[in-house]
Each structure stands twice: as structure tokens, then as C-alpha cells.
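Raw contents of upload.cif, mmCIF, C-alpha atoms and all ligand atoms:
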data_my_file
loop_
_atom_site.group_PDB
_atom_site.id
_atom_site.type_symbol
_atom_site.label_atom_id
_atom_site.label_comp_id
_atom_site.auth_asym_id
_atom_site.auth_seq_id
_atom_site.Cartn_x
_atom_site.Cartn_y
_atom_site.Cartn_z
ATOM 1 C CA MET A 1 0.000 0.000 0.000
ATOM 2 C CA PRO A 2 1.613 3.300 -1.020
ATOM 3 C CA LEU A 3 2.192 5.485 2.044
ATOM 4 C CA LEU A 4 0.923 8.553 0.183
ATOM 5 C CA GLY A 5 -2.473 8.742 -1.475
ATOM 6 C CA LEU A 6 -4.853 11.385 -2.751
ATOM 7 C CA GLY A 7 -7.912 12.004 -0.578
ATOM 8 C CA THR A 8 -11.046 12.855 -2.553
ATOM 9 C CA TRP A 9 -13.698 13.748 0.022
ATOM 10 C CA GLN A 10 -15.738 16.740 -1.245
ATOM 11 C CA ALA A 11 -14.178 16.532 -4.725
ATOM 12 C CA ARG A 12 -17.066 16.224 -7.146
ATOM 13 C CA GLY A 13 -17.660 16.164 -10.889
ATOM 14 C CA ARG A 14 -15.013 17.631 -13.154
ATOM 15 C CA ALA A 15 -12.877 18.817 -10.241
ATOM 16 C CA ALA A 16 -12.659 15.224 -8.999
ATOM 17 C CA VAL A 17 -11.638 13.881 -12.407
ATOM 18 C CA GLU A 18 -9.006 16.589 -12.779
ATOM 19 C CA ALA A 19 -7.619 16.161 -9.255
ATOM 20 C CA VAL A 20 -7.129 12.409 -9.688
ATOM 21 C CA ARG A 21 -5.681 12.867 -13.157
ATOM 22 C CA THR A 22 -3.219 15.511 -11.902
ATOM 23 C CA ALA A 23 -2.243 13.286 -8.986
ATOM 24 C CA LEU A 24 -1.534 10.304 -11.246
ATOM 25 C CA ASP A 25 0.439 12.552 -13.619
ATOM 26 C CA VAL A 26 2.705 13.778 -10.792
ATOM 27 C CA GLY A 27 3.311 10.296 -9.417
ATOM 28 C CA TYR A 28 0.591 9.367 -6.919
ATOM 29 C CA ARG A 29 -0.305 5.685 -7.178
ATOM 30 C CA HIS A 30 -3.001 5.587 -4.510
ATOM 31 C CA VAL A 31 -6.456 7.168 -4.500
ATOM 32 C CA ASP A 32 -8.932 7.119 -1.629
ATOM 33 C CA THR A 33 -12.660 7.387 -2.296
ATOM 34 C CA ALA A 34 -15.892 6.166 -0.682
ATOM 35 C CA THR A 35 -19.451 5.405 -1.699
ATOM 36 C CA MET A 36 -20.435 8.399 0.469
ATOM 37 C CA TYR A 37 -18.225 10.788 -1.514
ATOM 38 C CA GLY A 38 -20.353 10.382 -4.644
ATOM 39 C CA ASN A 39 -17.282 10.487 -6.898
ATOM 40 C CA GLU A 40 -16.389 6.858 -7.611
ATOM 41 C CA ARG A 41 -17.405 7.262 -11.251
ATOM 42 C CA GLU A 42 -15.108 10.273 -11.640
ATOM 43 C CA VAL A 43 -12.234 8.541 -9.847
ATOM 44 C CA GLY A 44 -12.636 5.482 -12.080
ATOM 45 C CA ARG A 45 -12.717 7.573 -15.230
ATOM 46 C CA ALA A 46 -9.575 9.492 -14.238
ATOM 47 C CA VAL A 47 -7.684 6.267 -13.502
ATOM 48 C CA ALA A 48 -8.817 4.692 -16.776
ATOM 49 C CA ASP A 49 -7.881 7.745 -18.849
ATOM 50 C CA SER A 50 -4.535 8.361 -17.130
ATOM 51 C CA GLY A 51 -2.531 5.802 -19.059
ATOM 52 C CA VAL A 52 -1.235 4.401 -15.771
ATOM 53 C CA PRO A 53 -1.920 0.635 -15.716
ATOM 54 C CA ARG A 54 -4.781 -0.240 -13.383
ATOM 55 C CA LYS A 55 -2.567 -2.698 -11.495
ATOM 56 C CA ASP A 56 -0.222 0.161 -10.542
ATOM 57 C CA VAL A 57 -2.916 2.272 -8.850
ATOM 58 C CA PHE A 58 -4.071 1.392 -5.339
ATOM 59 C CA VAL A 59 -7.774 2.211 -5.092
ATOM 60 C CA THR A 60 -9.653 2.323 -1.782
ATOM 61 C CA THR A 61 -13.388 2.723 -1.325
ATOM 62 C CA LYS A 62 -15.692 2.350 1.668
ATOM 63 C CA LEU A 63 -18.989 0.834 2.769
ATOM 64 C CA PRO A 64 -21.314 3.471 4.267
ATOM 65 C CA GLN A 65 -22.415 2.504 7.771
ATOM 66 C CA GLY A 66 -26.052 2.745 6.634
ATOM 67 C CA ASN A 67 -25.388 0.017 4.045
ATOM 68 C CA ALA A 68 -24.550 -2.599 6.673
ATOM 69 C CA GLY A 69 -26.519 -5.674 5.574
ATOM 70 C CA ARG A 70 -26.155 -4.715 1.902
ATOM 71 C CA GLU A 71 -22.442 -5.349 1.595
ATOM 72 C CA ARG A 72 -22.424 -7.316 -1.664
ATOM 73 C CA GLU A 73 -24.751 -4.947 -3.475
ATOM 74 C CA THR A 74 -22.766 -1.925 -2.273
ATOM 75 C CA LEU A 75 -19.420 -3.345 -3.354
ATOM 76 C CA GLU A 76 -20.834 -4.371 -6.738
ATOM 77 C CA GLU A 77 -22.109 -0.828 -7.222
ATOM 78 C CA SER A 78 -18.692 0.575 -6.285
ATOM 79 C CA LEU A 79 -16.928 -1.736 -8.733
ATOM 80 C CA ALA A 80 -19.344 -0.762 -11.512
ATOM 81 C CA ALA A 81 -18.938 2.965 -10.790
ATOM 82 C CA LEU A 82 -15.152 2.678 -10.601
ATOM 83 C CA GLY A 83 -15.092 0.459 -13.694
ATOM 84 C CA VAL A 84 -12.833 -2.137 -12.061
ATOM 85 C CA ASP A 85 -13.053 -5.870 -11.297
ATOM 86 C CA ARG A 86 -11.880 -5.421 -7.721
ATOM 87 C CA VAL A 87 -10.713 -2.707 -5.381
ATOM 88 C CA ASP A 88 -7.380 -2.805 -3.589
ATOM 89 C CA LEU A 89 -8.882 -1.934 -0.230
ATOM 90 C CA TRP A 90 -12.472 -1.845 0.999
ATOM 91 C CA LEU A 91 -13.242 -0.316 4.390
ATOM 92 C CA ILE A 92 -16.244 -0.122 6.702
ATOM 93 C CA HIS A 93 -16.493 3.685 6.674
ATOM 94 C CA TRP A 94 -17.687 4.088 10.278
ATOM 95 C CA PRO A 95 -18.610 1.563 12.969
ATOM 96 C CA PRO A 96 -22.270 0.980 12.017
ATOM 97 C CA GLY A 97 -24.417 2.648 14.669
ATOM 98 C CA GLY A 98 -21.237 3.160 16.694
ATOM 99 C CA ARG A 99 -20.714 -0.612 17.122
ATOM 100 C CA ALA A 100 -17.926 -2.869 15.834
ATOM 101 C CA ARG A 101 -20.382 -5.255 14.076
ATOM 102 C CA PRO A 102 -18.335 -8.442 13.541
ATOM 103 C CA ASP A 103 -21.204 -9.720 11.365
ATOM 104 C CA VAL A 104 -20.527 -6.928 8.856
ATOM 105 C CA TRP A 105 -16.788 -7.569 9.079
ATOM 106 C CA GLU A 106 -17.455 -11.259 8.343
ATOM 107 C CA ARG A 107 -19.166 -10.279 5.087
ATOM 108 C CA LEU A 108 -16.262 -8.063 4.045
ATOM 109 C CA LEU A 109 -13.962 -11.047 4.582
ATOM 110 C CA GLU A 110 -16.274 -13.223 2.474
ATOM 111 C CA LEU A 111 -16.257 -10.758 -0.410
ATOM 112 C CA GLN A 112 -12.485 -10.461 -0.140
ATOM 113 C CA GLY A 113 -12.364 -14.270 -0.352
ATOM 114 C CA GLU A 114 -14.299 -14.043 -3.614
ATOM 115 C CA GLY A 115 -11.650 -11.701 -4.989
ATOM 116 C CA LEU A 116 -13.731 -8.518 -5.099
ATOM 117 C CA ALA A 117 -11.312 -6.687 -2.782
ATOM 118 C CA ARG A 118 -7.597 -7.423 -2.420
ATOM 119 C CA ALA A 119 -7.677 -6.288 1.197
ATOM 120 C CA VAL A 120 -10.365 -5.259 3.674
ATOM 121 C CA GLY A 121 -10.295 -3.038 6.703
ATOM 122 C CA VAL A 122 -12.140 -0.422 8.699
ATOM 123 C CA SER A 123 -12.220 3.311 9.340
ATOM 124 C CA ASN A 124 -12.910 5.304 12.493
ATOM 125 C CA TYR A 125 -12.629 2.203 14.713
ATOM 126 C CA SER A 126 -11.208 2.276 18.239
ATOM 127 C CA LEU A 127 -8.596 -0.239 19.381
ATOM 128 C CA ALA A 128 -11.275 -1.957 21.480
ATOM 129 C CA GLN A 129 -13.482 -2.301 18.393
ATOM 130 C CA LEU A 130 -10.553 -3.780 16.418
ATOM 131 C CA ASP A 131 -10.181 -6.333 19.208
ATOM 132 C CA GLU A 132 -13.862 -7.203 18.973
ATOM 133 C CA LEU A 133 -13.515 -7.990 15.270
ATOM 134 C CA LEU A 134 -10.393 -10.044 15.864
ATOM 135 C CA ALA A 135 -11.954 -11.978 18.752
ATOM 136 C CA ALA A 136 -15.086 -12.793 16.756
ATOM 137 C CA THR A 137 -13.481 -13.799 13.452
ATOM 138 C CA GLY A 138 -9.778 -14.437 14.099
ATOM 139 C CA ARG A 139 -9.011 -11.855 11.406
ATOM 140 C CA ALA A 140 -7.813 -8.328 12.108
ATOM 141 C CA PRO A 141 -8.540 -5.548 9.602
ATOM 142 C CA ALA A 142 -5.587 -4.855 7.297
ATOM 143 C CA VAL A 143 -6.044 -1.117 7.842
ATOM 144 C CA ASN A 144 -7.784 1.314 10.196
ATOM 145 C CA GLN A 145 -8.232 4.748 8.646
ATOM 146 C CA ILE A 146 -8.627 7.429 11.315
ATOM 147 C CA GLU A 147 -8.236 11.177 11.619
ATOM 148 C CA TRP A 148 -4.536 11.780 12.215
ATOM 149 C CA SER A 149 -1.914 14.528 12.309
ATOM 150 C CA PRO A 150 0.836 15.743 14.657
ATOM 151 C CA SER A 151 -1.850 17.515 16.712
ATOM 152 C CA LEU A 152 -3.645 14.188 17.219
ATOM 153 C CA PHE A 153 -0.493 12.136 17.847
ATOM 154 C CA ASP A 154 -0.843 9.575 20.613
ATOM 155 C CA PRO A 155 1.881 6.905 20.913
ATOM 156 C CA ARG A 156 -0.632 4.469 22.437
ATOM 157 C CA ILE A 157 -2.640 4.580 19.210
ATOM 158 C CA VAL A 158 0.456 4.039 17.047
ATOM 159 C CA ASP A 159 1.690 1.157 19.214
ATOM 160 C CA GLY A 160 -1.806 -0.318 19.549
ATOM 161 C CA HIS A 161 -2.146 -0.635 15.776
ATOM 162 C CA ARG A 162 1.384 -1.988 15.369
ATOM 163 C CA GLU A 163 0.844 -4.629 18.064
ATOM 164 C CA ARG A 164 -2.325 -5.787 16.312
ATOM 165 C CA GLY A 165 -0.687 -5.826 12.877
ATOM 166 C CA VAL A 166 -3.148 -3.203 11.634
ATOM 167 C CA GLN A 167 -1.780 -0.528 9.275
ATOM 168 C CA LEU A 168 -2.626 2.938 10.554
ATOM 169 C CA GLU A 169 -3.893 5.240 7.816
ATOM 170 C CA GLY A 170 -4.486 8.904 8.612
ATOM 171 C CA TYR A 171 -7.064 11.175 7.073
ATOM 172 C CA SER A 172 -7.264 14.975 7.305
ATOM 173 C CA PRO A 173 -3.515 15.303 7.872
ATOM 174 C CA LEU A 174 -3.529 19.047 7.122
ATOM 175 C CA ARG A 175 -6.879 20.339 8.317
ATOM 176 C CA THR A 176 -6.348 19.101 11.864
ATOM 177 C CA VAL A 177 -3.047 20.899 12.430
ATOM 178 C CA ASN A 178 -2.125 24.583 12.625
ATOM 179 C CA LEU A 179 0.176 25.000 9.625
ATOM 180 C CA ARG A 180 1.394 28.319 11.087
ATOM 181 C CA ASP A 181 2.573 26.808 14.358
ATOM 182 C CA PRO A 182 6.150 28.130 14.827
ATOM 183 C CA ARG A 183 7.383 24.680 15.867
ATOM 184 C CA LEU A 184 6.286 23.482 12.437
ATOM 185 C CA THR A 185 7.391 26.479 10.360
ATOM 186 C CA ARG A 186 10.864 26.361 11.947
ATOM 187 C CA ILE A 187 11.362 22.781 10.757
ATOM 188 C CA ALA A 188 9.948 23.638 7.328
ATOM 189 C CA ASP A 189 12.379 26.546 6.968
ATOM 190 C CA ALA A 190 15.299 24.351 7.990
ATOM 191 C CA HIS A 191 14.546 21.979 5.094
ATOM 192 C CA GLY A 192 13.387 24.589 2.589
ATOM 193 C CA VAL A 193 9.946 22.959 2.340
ATOM 194 C CA THR A 194 6.408 23.957 3.329
ATOM 195 C CA PRO A 195 4.741 23.170 6.678
ATOM 196 C CA ALA A 196 2.284 20.891 4.833
ATOM 197 C CA GLN A 197 5.205 18.910 3.419
ATOM 198 C CA VAL A 198 6.684 18.564 6.912
ATOM 199 C CA VAL A 199 3.373 17.217 8.246
ATOM 200 C CA LEU A 200 3.116 14.667 5.436
ATOM 201 C CA ARG A 201 6.767 13.656 5.802
ATOM 202 C CA TRP A 202 6.136 13.173 9.537
ATOM 203 C CA HIS A 203 3.505 10.559 8.594
ATOM 204 C CA LEU A 204 6.071 8.748 6.434
ATOM 205 C CA GLU A 205 8.663 8.769 9.232
ATOM 206 C CA HIS A 206 6.088 6.978 11.411
ATOM 207 C CA ARG A 207 5.137 4.620 8.531
ATOM 208 C CA VAL A 208 1.570 5.963 8.733
ATOM 209 C CA VAL A 209 -0.327 6.240 5.440
ATOM 210 C CA ALA A 210 -1.335 9.833 4.596
ATOM 211 C CA ILE A 211 -4.101 10.822 2.172
ATOM 212 C CA PRO A 212 -4.097 14.630 1.912
ATOM 213 C CA LYS A 213 -7.027 16.076 -0.030
ATOM 214 C CA SER A 214 -6.670 18.773 -2.601
ATOM 215 C CA THR A 215 -8.306 19.759 -5.840
ATOM 216 C CA ASN A 216 -5.618 22.374 -6.531
ATOM 217 C CA ALA A 217 -2.971 21.152 -9.003
ATOM 218 C CA ALA A 218 -0.093 23.017 -7.339
ATOM 219 C CA ARG A 219 -0.983 21.703 -3.872
ATOM 220 C CA ILE A 220 -1.507 18.159 -5.191
ATOM 221 C CA ALA A 221 2.061 18.305 -6.533
ATOM 222 C CA GLU A 222 3.393 19.991 -3.368
ATOM 223 C CA ASN A 223 1.919 17.237 -1.202
ATOM 224 C CA ALA A 224 3.724 14.549 -3.200
ATOM 225 C CA ALA A 225 7.138 16.244 -3.093
ATOM 226 C CA ILE A 226 8.058 14.678 0.242
ATOM 227 C CA PHE A 227 10.424 11.926 -0.824
ATOM 228 C CA ASP A 228 13.630 13.928 -1.165
ATOM 229 C CA PHE A 229 14.079 15.112 2.409
ATOM 230 C CA GLU A 230 13.985 13.430 5.809
ATOM 231 C CA LEU A 231 13.138 14.605 9.304
ATOM 232 C CA THR A 232 15.656 13.967 12.072
ATOM 233 C CA PRO A 233 14.536 11.900 15.082
ATOM 234 C CA ASP A 234 14.562 15.138 17.133
ATOM 235 C CA GLU A 235 12.289 16.862 14.634
ATOM 236 C CA VAL A 236 9.886 13.911 14.628
ATOM 237 C CA GLN A 237 9.789 14.038 18.427
ATOM 238 C CA SER A 238 9.123 17.759 18.522
ATOM 239 C CA LEU A 239 6.228 17.275 16.092
ATOM 240 C CA ASP A 240 4.931 14.355 18.184
ATOM 241 C CA ALA A 241 4.794 16.825 21.075
ATOM 242 C CA LEU A 242 2.154 18.886 19.211
ATOM 243 C CA GLY A 243 -0.254 16.093 20.169
ATOM 244 C CA ARG A 244 0.411 16.334 23.881
ATOM 245 C CA GLY A 245 -2.759 17.086 25.747
HETATM 246 P P1 LIG B 301 -7.406 22.720 -1.619
HETATM 247 O O1 LIG B 301 -8.244 21.596 -2.163
HETATM 248 O O2 LIG B 301 -7.866 24.055 -2.061
HETATM 249 O O3 LIG B 301 -5.923 22.483 -1.868
HETATM 250 P P2 LIG B 301 -7.104 17.455 4.723
HETATM 251 O O4 LIG B 301 -6.653 16.480 3.681
HETATM 252 O O5 LIG B 301 -6.225 17.506 5.908
HETATM 253 O O6 LIG B 301 -8.549 17.258 5.102
HETATM 254 O O7 LIG B 301 -6.986 18.938 4.137
HETATM 255 C C1 LIG B 301 -7.671 19.331 3.032
HETATM 256 C C2 LIG B 301 -7.707 20.835 2.974
HETATM 257 O O8 LIG B 301 -6.386 21.374 2.987
HETATM 258 C C3 LIG B 301 -8.349 21.292 1.706
HETATM 259 O O9 LIG B 301 -9.119 22.419 2.065
HETATM 260 C C4 LIG B 301 -7.183 21.681 0.810
HETATM 261 O O10 LIG B 301 -7.594 22.744 -0.018
HETATM 262 C C5 LIG B 301 -6.143 22.111 1.798
HETATM 263 N N1 LIG B 301 -4.782 21.775 1.353
HETATM 264 C C6 LIG B 301 -4.364 20.705 0.649
HETATM 265 N N2 LIG B 301 -3.038 20.714 0.473
HETATM 266 C C7 LIG B 301 -2.576 21.819 1.073
HETATM 267 C C8 LIG B 301 -1.279 22.390 1.235
HETATM 268 N N3 LIG B 301 -0.199 21.802 0.728
HETATM 269 N N4 LIG B 301 -1.184 23.559 1.931
HETATM 270 C C9 LIG B 301 -2.265 24.153 2.436
HETATM 271 N N5 LIG B 301 -3.526 23.669 2.318
HETATM 272 C C10 LIG B 301 -3.687 22.504 1.659
#

Can the structure in the file be given as C-alpha cells, please?
Ligand code: A2P
Amino acid sequence: MPLLGLGTWQARGRAAVEAVRTALDVGYRHVDTATMYGNEREVGRAVADSGVPRKDVFVTTKLPQGNAGRERETLEESLAALGVDRVDLWLIHWPPGGRARPDVWERLLELQGEGLARAVGVSNYSLAQLDELLAATGRAPAVNQIEWSPSLFDPRIVDGHRERGVQLEGYSPLRTVNLRDPRLTRIADAHGVTPAQVVLRWHLEHRVVAIPKSTNAARIAENAAIFDFELTPDEVQSLDALGRG
């Protein structure tokens, strides 16, 4: 799973097609969508028209919590909208009704077994809810996608996912942090990069998947230019401290 992906929440219509196309052109190989975003058709079209082979693009979509009980139908609709035979990752978007719902998880595993999703996981689950799924089925989600940024950093969450073998994927990496925080701008200046690039690089240093959203071509490119600098352990620690309290 590529550690950097394009988030597409709130990207609709032409803007969604163009954002995904720009992202693929500048090197992204991972796109995150969801049934709830109403843009699977646009995402699928952009991938198909990009010239990048389908097998090289990691595509995630998600089951709305209100569609619990209609898993097969929902996934089939997603595949049709995306124009693909299977997705790379399919997530339960939110714990349905706030509960872990191992029965729903069981059906995701079944559909994965049929080859309709290469991997399955969850989003917005707590560690306790991950444990419920594991206890009921013997299978942990491959991924838990949660809101994440330096301001939300909690080592117990990082370690908890690692111990369970669940890949932590963060959403809203930029919106949840103050990009003008002097502790962040100082590090950005030291590397000659932007605060947003520092935040995204911080995810990589922790091996946490980041899916920044943008429909602006320059910012889509900016957010991907994070592979030619590294943060020192001290810098990572000082960013971790933004999450204290
Ligand atoms: P825009 O689409 O105009 O670029 P998040 O992924 O954390 O939810 O953040 C998404 C928001 O952050 C969007 O409003 C997006 O606006 C903005 N954004 C994306 N990339 C950057 C960036 N590099 N610097 C500042 N703002 C950004």
C-alpha cells in the first residue's frame, strides 16, 4: 500500500476527475474514495484515462455505515462505478451505529475471499473495536483509517495498531493541524519545504499512510514532493509533542 495517497472527500464532478488525473500525472499511485463521496465514477474515469496501468494504482473505497446488511450490493455498485473488477482496499467507513459489528466484518472477509477486494479493513474504529472484530473472526482488519496529524499524535494509538498488525492510515492530515505553528514552520524553513510537506513527511517517518485532499494542481504536486528530504529523530519528536494534551 503506497504510504501517500490522494484524498477525494468533497471533490465532485469535473474537479474530482481533474484532481485524480493531476495526482496520477505527478506520481501518486493511490487514491482514496468512498461510496459516500459520490465520486467513484469520476475517480474510475480518471484512472482509466490516465494511461497508468490499473494494477499500478491502489484504489480504496468504503462501505457506508447505513449500508450494513447490503455489503455485496454496495461493493458491486462501487466496482461498476469505478469500472474495475476489484478494489485494492475496501473499508467499513464508520462503525455501524457506533458498534464494531463483527457480522458486517465477516461479510467483508467473504467478499475479499471471492476476490472482489484485495484487502479489507475499517475506518474510524477504536482499538477496542478492532479487538472485537479479531476476537469474533480471528481476522484483524488490514487497515484502520482514522483522523490523524501531529496535533492528534498519541503513541498508544500508534503502538496499539502496530501490536495488532493493523496498518494505521491517517485522514485529514492538514486540516487538523495549525500549519502556522512556529514549531512546524521552523522545521519547514530548515529543510526549505512547506509546513504541509513537513506534516506529510512526519507521517512517512512513522510509517503511517497519509491521504491529503486537494483539488488544486499546485498543492496536489506539493503534497507529493516529500520523498527527497527526511526529518531527524529530534524533529519527529518535537512534532509528536504537538499532540500532547
Ligand atoms: P485545496 O483543495 O484548495 O488544496 P485534509 O486532507 O487535511 O482534510 O486537508 C484538506 C484541505 O487542505 C483542503 O481544504 C485543501 O484545499 C487544503 N490543502 C491541501 N493541500 C494543502 C497544502 N499543501 N497547503 C495548504 N492547504 C492545503

Apply the PyMOL selection byres (((not hetatm)) within 12 of (chain B and resi 301)) to the displayed file and report the matching residues as a PyMOL selection string.
chain A and resi 4-12+15-16+18-20+32+146-151+170-180+193-201+210-226

Pick from A:Leu152, A:Tyr37, A:Val31, A:Val236, whichever lies nearest to Met1 of chain A using all atoms listed in the file
A:Val31

Quote the spacing between atom CA of Ser238 of chain A and atom CA of Arg183 of chain A in Å to one decimal place.
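About the pair atom CA of Ser238 of chain A and atom CA of Arg183 of chain A: they are 7.6 Å apart.
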
Would you list the contacts of Gln145 of chain A as number ranges by chain, taking every protein, DNA or RNA residue within 12 Å and counting only C-alpha atoms, but skipping same-chain residues closer than 6 positions in sequence?
A: 7, 32, 60-62, 89-95, 120-127, 130, 157, 161, 166-173, 208-211

Give me, as JSON, numbers by chain, all polymer residues having an atom no more than 9 Å from segment 46-50 of chain A, counting all atoms listed in the file and skipping those fewer than 3 positions away in the same chain.
{"A": [16, 17, 18, 19, 20, 21, 22, 24, 25, 41, 42, 43, 53, 54, 57, 82, 83]}

Between atom CA of Met36 of chain A and atom CA of Asp85 of chain A, what is the distance in Å, rounded to a tenth?
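So the answer is 19.9 Å.
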
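A straight line drawn from atom CA of Leu134 of chain A to atom CA of Arg72 of chain A is 21.4 Å long.
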
Take every atom of segment 141-158 of chain A listed in the file, pad by 6 Å on each side, and give me the axis-aligned box centre and edge lengths in Å, one decimal, as JSON.
{"center_x": -3.4, "center_y": 6.0, "center_z": 14.9, "size_x": 22.5, "size_y": 35.1, "size_z": 27.1}

Given the PyMOL selection byres (((chain A and resi 104) around 12) and not hetatm), the residues it picks as number ranges by chain
A: 63-72, 91-97, 99-103, 105-111, 120-122, 133, 136-137

For a quick check of understanding, using only C-alpha atoms, which of A:Gly44, A:Pro2, A:Gly192, A:Pro141 has the smallest distance to Gly27 of chain A?
A:Pro2

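Among the candidate residues A:Arg244, A:Gly98, A:Leu79, A:Pro182, the one lying nearest to Arg156 of chain A is A:Arg244, with distances computed using only C-alpha atoms.
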
Distance criterion (all atoms listed in the file): nearest to Val143 of chain A out of A:Gly13, A:Gly165, A:Gly160, A:Gly115
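Nearest to Val143 of chain A: A:Gly165.
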